[in-house]
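In what follows, a single structure is set out as structure tokens and then discussed.
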Amino acid sequence: GRALADNASKKLVAYHEAGHALVGTLLPHHDPVNKVTLVPRGQAKGLTWFTPAEDQSLISCNSLKARVAGALGGRAAEQVVFGSGKVTTGAGGDLQTVERLARAMVTQYGMSEAGTLVFEDGGFTGPSYSEDVSTKIDMAIRSISDEGYSTALQLMCQYRSCLDHLAEELVETETMTGKRLREIVAQYTPIPEKIAAV
């Protein structure tokens, strides 16, 4: 049973990382994928590295939304391939990333329905805004997250055969360059040109 469990785990991680990489490759506002690996690093079972544009001081709303969708690509791949009951805790770090990005979009950058104000969290004393504002912030964060997950799920379903190809090769090779990733994706669909973060 151990080898089988290891193989099943490796396959799951391969699909998870392939999901991140596929979303990152197909969204024009997302940073390009540099490398994908199944080799564990710290708490992570696998990693997908992206190469951000040089200037990270100005990032558009579209780029932040693409990063949210990219972070949810692993979870979306797990759901599409293995079903909701098999979605793993591997997406825990991704969900924290999504929450951090979406919260910043809403409370620091005014990129939501909650308005164009900056909302301070208040530190130890707690937020200095009303419960109604707090509800609006939570709803806006949820909306950004849901939109990103919907985008990721749609890409996983639409390009499922490409996802399978990427995951199968990752199971065999364990590491894939961004160049190889784009070669595989290009067999299934034209790769959109990357649009600068601003």
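Labeling convention for the structure tokens: chains A, B, ... as they appear, residues from 1 per chain, ligands from 1 in order of appearance.
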Please return as a ChimeraX atom specification: the residues of region 109-195 of chain A that backbone DSSP assigns to alpha helix (DSSP H). /A:131-158,160-173,178-186
Residue subset to file, keeping N, CA and C atoms, as a short mmCIF file (atom, residue, chain, number, x, y, z; two decimals), in the first residue's frame:
data_model
loop_
_atom_site.label_atom_id
_atom_site.label_comp_id
_atom_site.auth_asym_id
_atom_site.auth_seq_id
_atom_site.Cartn_x
_atom_site.Cartn_y
_atom_site.Cartn_z
N GLU A 131 -20.19 47.71 11.68
CA GLU A 131 -20.45 46.32 11.32
C GLU A 131 -20.98 46.24 9.89
N ASP A 132 -21.74 47.26 9.48
CA ASP A 132 -22.26 47.30 8.11
C ASP A 132 -21.10 47.39 7.11
N VAL A 133 -20.12 48.23 7.39
CA VAL A 133 -18.94 48.35 6.53
C VAL A 133 -18.16 47.03 6.55
N SER A 134 -18.04 46.43 7.72
CA SER A 134 -17.34 45.16 7.85
C SER A 134 -18.00 44.08 6.98
N THR A 135 -19.32 44.05 6.96
CA THR A 135 -20.07 43.10 6.13
C THR A 135 -19.80 43.36 4.65
N LYS A 136 -19.78 44.64 4.26
CA LYS A 136 -19.50 44.99 2.85
C LYS A 136 -18.09 44.55 2.45
N ILE A 137 -17.14 44.73 3.36
CA ILE A 137 -15.76 44.31 3.09
C ILE A 137 -15.71 42.80 2.91
N ASP A 138 -16.34 42.07 3.82
CA ASP A 138 -16.35 40.61 3.73
C ASP A 138 -17.00 40.13 2.44
N MET A 139 -18.11 40.79 2.05
CA MET A 139 -18.80 40.41 0.81
C MET A 139 -17.94 40.70 -0.41
N ALA A 140 -17.23 41.81 -0.40
CA ALA A 140 -16.37 42.17 -1.52
C ALA A 140 -15.20 41.18 -1.64
N ILE A 141 -14.62 40.79 -0.51
CA ILE A 141 -13.53 39.81 -0.51
C ILE A 141 -14.05 38.48 -1.07
N ARG A 142 -15.23 38.09 -0.61
CA ARG A 142 -15.83 36.84 -1.07
C ARG A 142 -16.10 36.89 -2.57
N SER A 143 -16.57 38.03 -3.06
CA SER A 143 -16.86 38.20 -4.47
C SER A 143 -15.60 38.04 -5.33
N ILE A 144 -14.50 38.66 -4.91
CA ILE A 144 -13.23 38.55 -5.64
C ILE A 144 -12.75 37.09 -5.65
N SER A 145 -12.84 36.44 -4.50
CA SER A 145 -12.43 35.05 -4.37
C SER A 145 -13.29 34.14 -5.25
N ASP A 146 -14.61 34.32 -5.18
CA ASP A 146 -15.54 33.51 -5.98
C ASP A 146 -15.30 33.69 -7.47
N GLU A 147 -15.07 34.94 -7.88
CA GLU A 147 -14.81 35.22 -9.31
C GLU A 147 -13.53 34.52 -9.76
N GLY A 148 -12.50 34.58 -8.92
CA GLY A 148 -11.23 33.91 -9.25
C GLY A 148 -11.38 32.41 -9.34
N TYR A 149 -12.16 31.84 -8.42
CA TYR A 149 -12.36 30.38 -8.43
C TYR A 149 -13.17 29.97 -9.65
N SER A 150 -14.16 30.78 -10.00
CA SER A 150 -14.98 30.50 -11.18
C SER A 150 -14.11 30.51 -12.45
N THR A 151 -13.22 31.50 -12.54
CA THR A 151 -12.29 31.58 -13.68
C THR A 151 -11.41 30.34 -13.74
N ALA A 152 -10.84 29.96 -12.59
CA ALA A 152 -9.96 28.79 -12.54
C ALA A 152 -10.71 27.52 -12.91
N LEU A 153 -11.91 27.33 -12.37
CA LEU A 153 -12.71 26.13 -12.68
C LEU A 153 -13.04 26.06 -14.16
N GLN A 154 -13.41 27.20 -14.73
CA GLN A 154 -13.77 27.23 -16.15
C GLN A 154 -12.57 26.81 -17.00
N LEU A 155 -11.38 27.31 -16.67
CA LEU A 155 -10.18 26.95 -17.43
C LEU A 155 -9.84 25.47 -17.26
N MET A 156 -10.01 24.92 -16.05
CA MET A 156 -9.73 23.49 -15.83
C MET A 156 -10.66 22.62 -16.66
N CYS A 157 -11.95 23.01 -16.71
CA CYS A 157 -12.92 22.23 -17.49
C CYS A 157 -12.67 22.37 -18.99
N GLN A 158 -12.43 23.59 -19.43
CA GLN A 158 -12.24 23.85 -20.86
C GLN A 158 -10.97 23.20 -21.39
N ARG A 160 -9.22 20.55 -19.92
CA ARG A 160 -8.96 19.36 -19.11
C ARG A 160 -7.91 18.44 -19.75
N SER A 161 -7.96 18.25 -21.05
CA SER A 161 -6.98 17.36 -21.70
C SER A 161 -5.57 17.92 -21.56
N CYS A 162 -5.43 19.23 -21.63
CA CYS A 162 -4.13 19.87 -21.44
C CYS A 162 -3.68 19.69 -19.99
N LEU A 163 -4.60 19.87 -19.05
CA LEU A 163 -4.30 19.66 -17.63
C LEU A 163 -3.79 18.23 -17.40
N ASP A 164 -4.47 17.25 -18.01
CA ASP A 164 -4.05 15.84 -17.88
C ASP A 164 -2.63 15.65 -18.42
N HIS A 165 -2.35 16.23 -19.57
CA HIS A 165 -1.04 16.11 -20.19
C HIS A 165 0.05 16.70 -19.27
N LEU A 166 -0.20 17.89 -18.75
CA LEU A 166 0.76 18.53 -17.85
C LEU A 166 1.00 17.68 -16.61
N ALA A 167 -0.08 17.20 -15.99
CA ALA A 167 0.05 16.41 -14.76
C ALA A 167 0.79 15.10 -15.03
N GLU A 168 0.47 14.42 -16.14
CA GLU A 168 1.15 13.15 -16.47
C GLU A 168 2.64 13.36 -16.64
N GLU A 169 3.02 14.44 -17.33
CA GLU A 169 4.44 14.69 -17.52
C GLU A 169 5.11 15.06 -16.20
N LEU A 170 4.41 15.82 -15.37
CA LEU A 170 4.98 16.17 -14.05
C LEU A 170 5.19 14.93 -13.18
N VAL A 171 4.27 13.98 -13.23
CA VAL A 171 4.43 12.74 -12.46
C VAL A 171 5.71 12.03 -12.90
N GLU A 172 5.97 12.05 -14.21
CA GLU A 172 7.18 11.38 -14.74
C GLU A 172 8.46 12.16 -14.45
N THR A 173 8.45 13.46 -14.70
CA THR A 173 9.69 14.24 -14.65
C THR A 173 9.91 14.97 -13.33
N GLY A 178 9.26 26.55 -17.47
CA GLY A 178 8.19 27.34 -18.05
C GLY A 178 8.12 27.17 -19.55
N LYS A 179 9.28 27.03 -20.18
CA LYS A 179 9.33 26.85 -21.64
C LYS A 179 8.62 25.55 -22.04
N ARG A 180 8.91 24.45 -21.33
CA ARG A 180 8.28 23.16 -21.64
C ARG A 180 6.77 23.25 -21.38
N LEU A 181 6.39 23.90 -20.30
CA LEU A 181 4.97 24.08 -19.98
C LEU A 181 4.25 24.77 -21.14
N ARG A 182 4.83 25.86 -21.65
CA ARG A 182 4.20 26.60 -22.74
C ARG A 182 4.17 25.78 -24.03
N GLU A 183 5.18 24.93 -24.25
CA GLU A 183 5.16 24.04 -25.43
C GLU A 183 3.96 23.10 -25.37
N ILE A 184 3.69 22.55 -24.18
CA ILE A 184 2.56 21.63 -24.04
C ILE A 184 1.24 22.38 -24.19
N VAL A 185 1.10 23.52 -23.50
CA VAL A 185 -0.15 24.28 -23.56
C VAL A 185 -0.44 24.71 -25.01
N ALA A 186 0.60 25.08 -25.75
CA ALA A 186 0.44 25.54 -27.14
C ALA A 186 -0.10 24.43 -28.05
#
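When CA of Ser9 (chain A) is paired with CA of Leu95 (chain A), their separation reads 19.9 Å.
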Distance of CA of Lys35 (chain A) from CA of Leu12 (chain A), expressed in Å to one decimal place: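 These atoms are spaced 17.9 Å apart.
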For Lys194 (chain A), which of A:Lys65, A:His30, A:Lys86, A:Arg100 is the closest residue, counting only C-alpha atoms?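 Smallest separation from Lys194 (chain A) among the options: A:His30.
Here the strand (DSSP E) residues in region 48-180 of chain A, by DSSP on the backbone, are Thr48, Trp49, Phe50, Thr175, Met176 and Thr177 of chain A.
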From A:Ala8, A:Ala18, A:Val23, A:Val13, residue lying nearest Pro192 (chain A) [only C-alpha atoms]: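 Ranking A:Ala8, A:Ala18, A:Val23, A:Val13 by distance to Pro192 (chain A), first place goes to A:Val23.
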Rounded to one decimal place, report the CA of Leu38 (chain A)-CA of Glu174 (chain A) distance in Å.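 Between CA of Leu38 (chain A) and CA of Glu174 (chain A) the gap is 5.0 Å.
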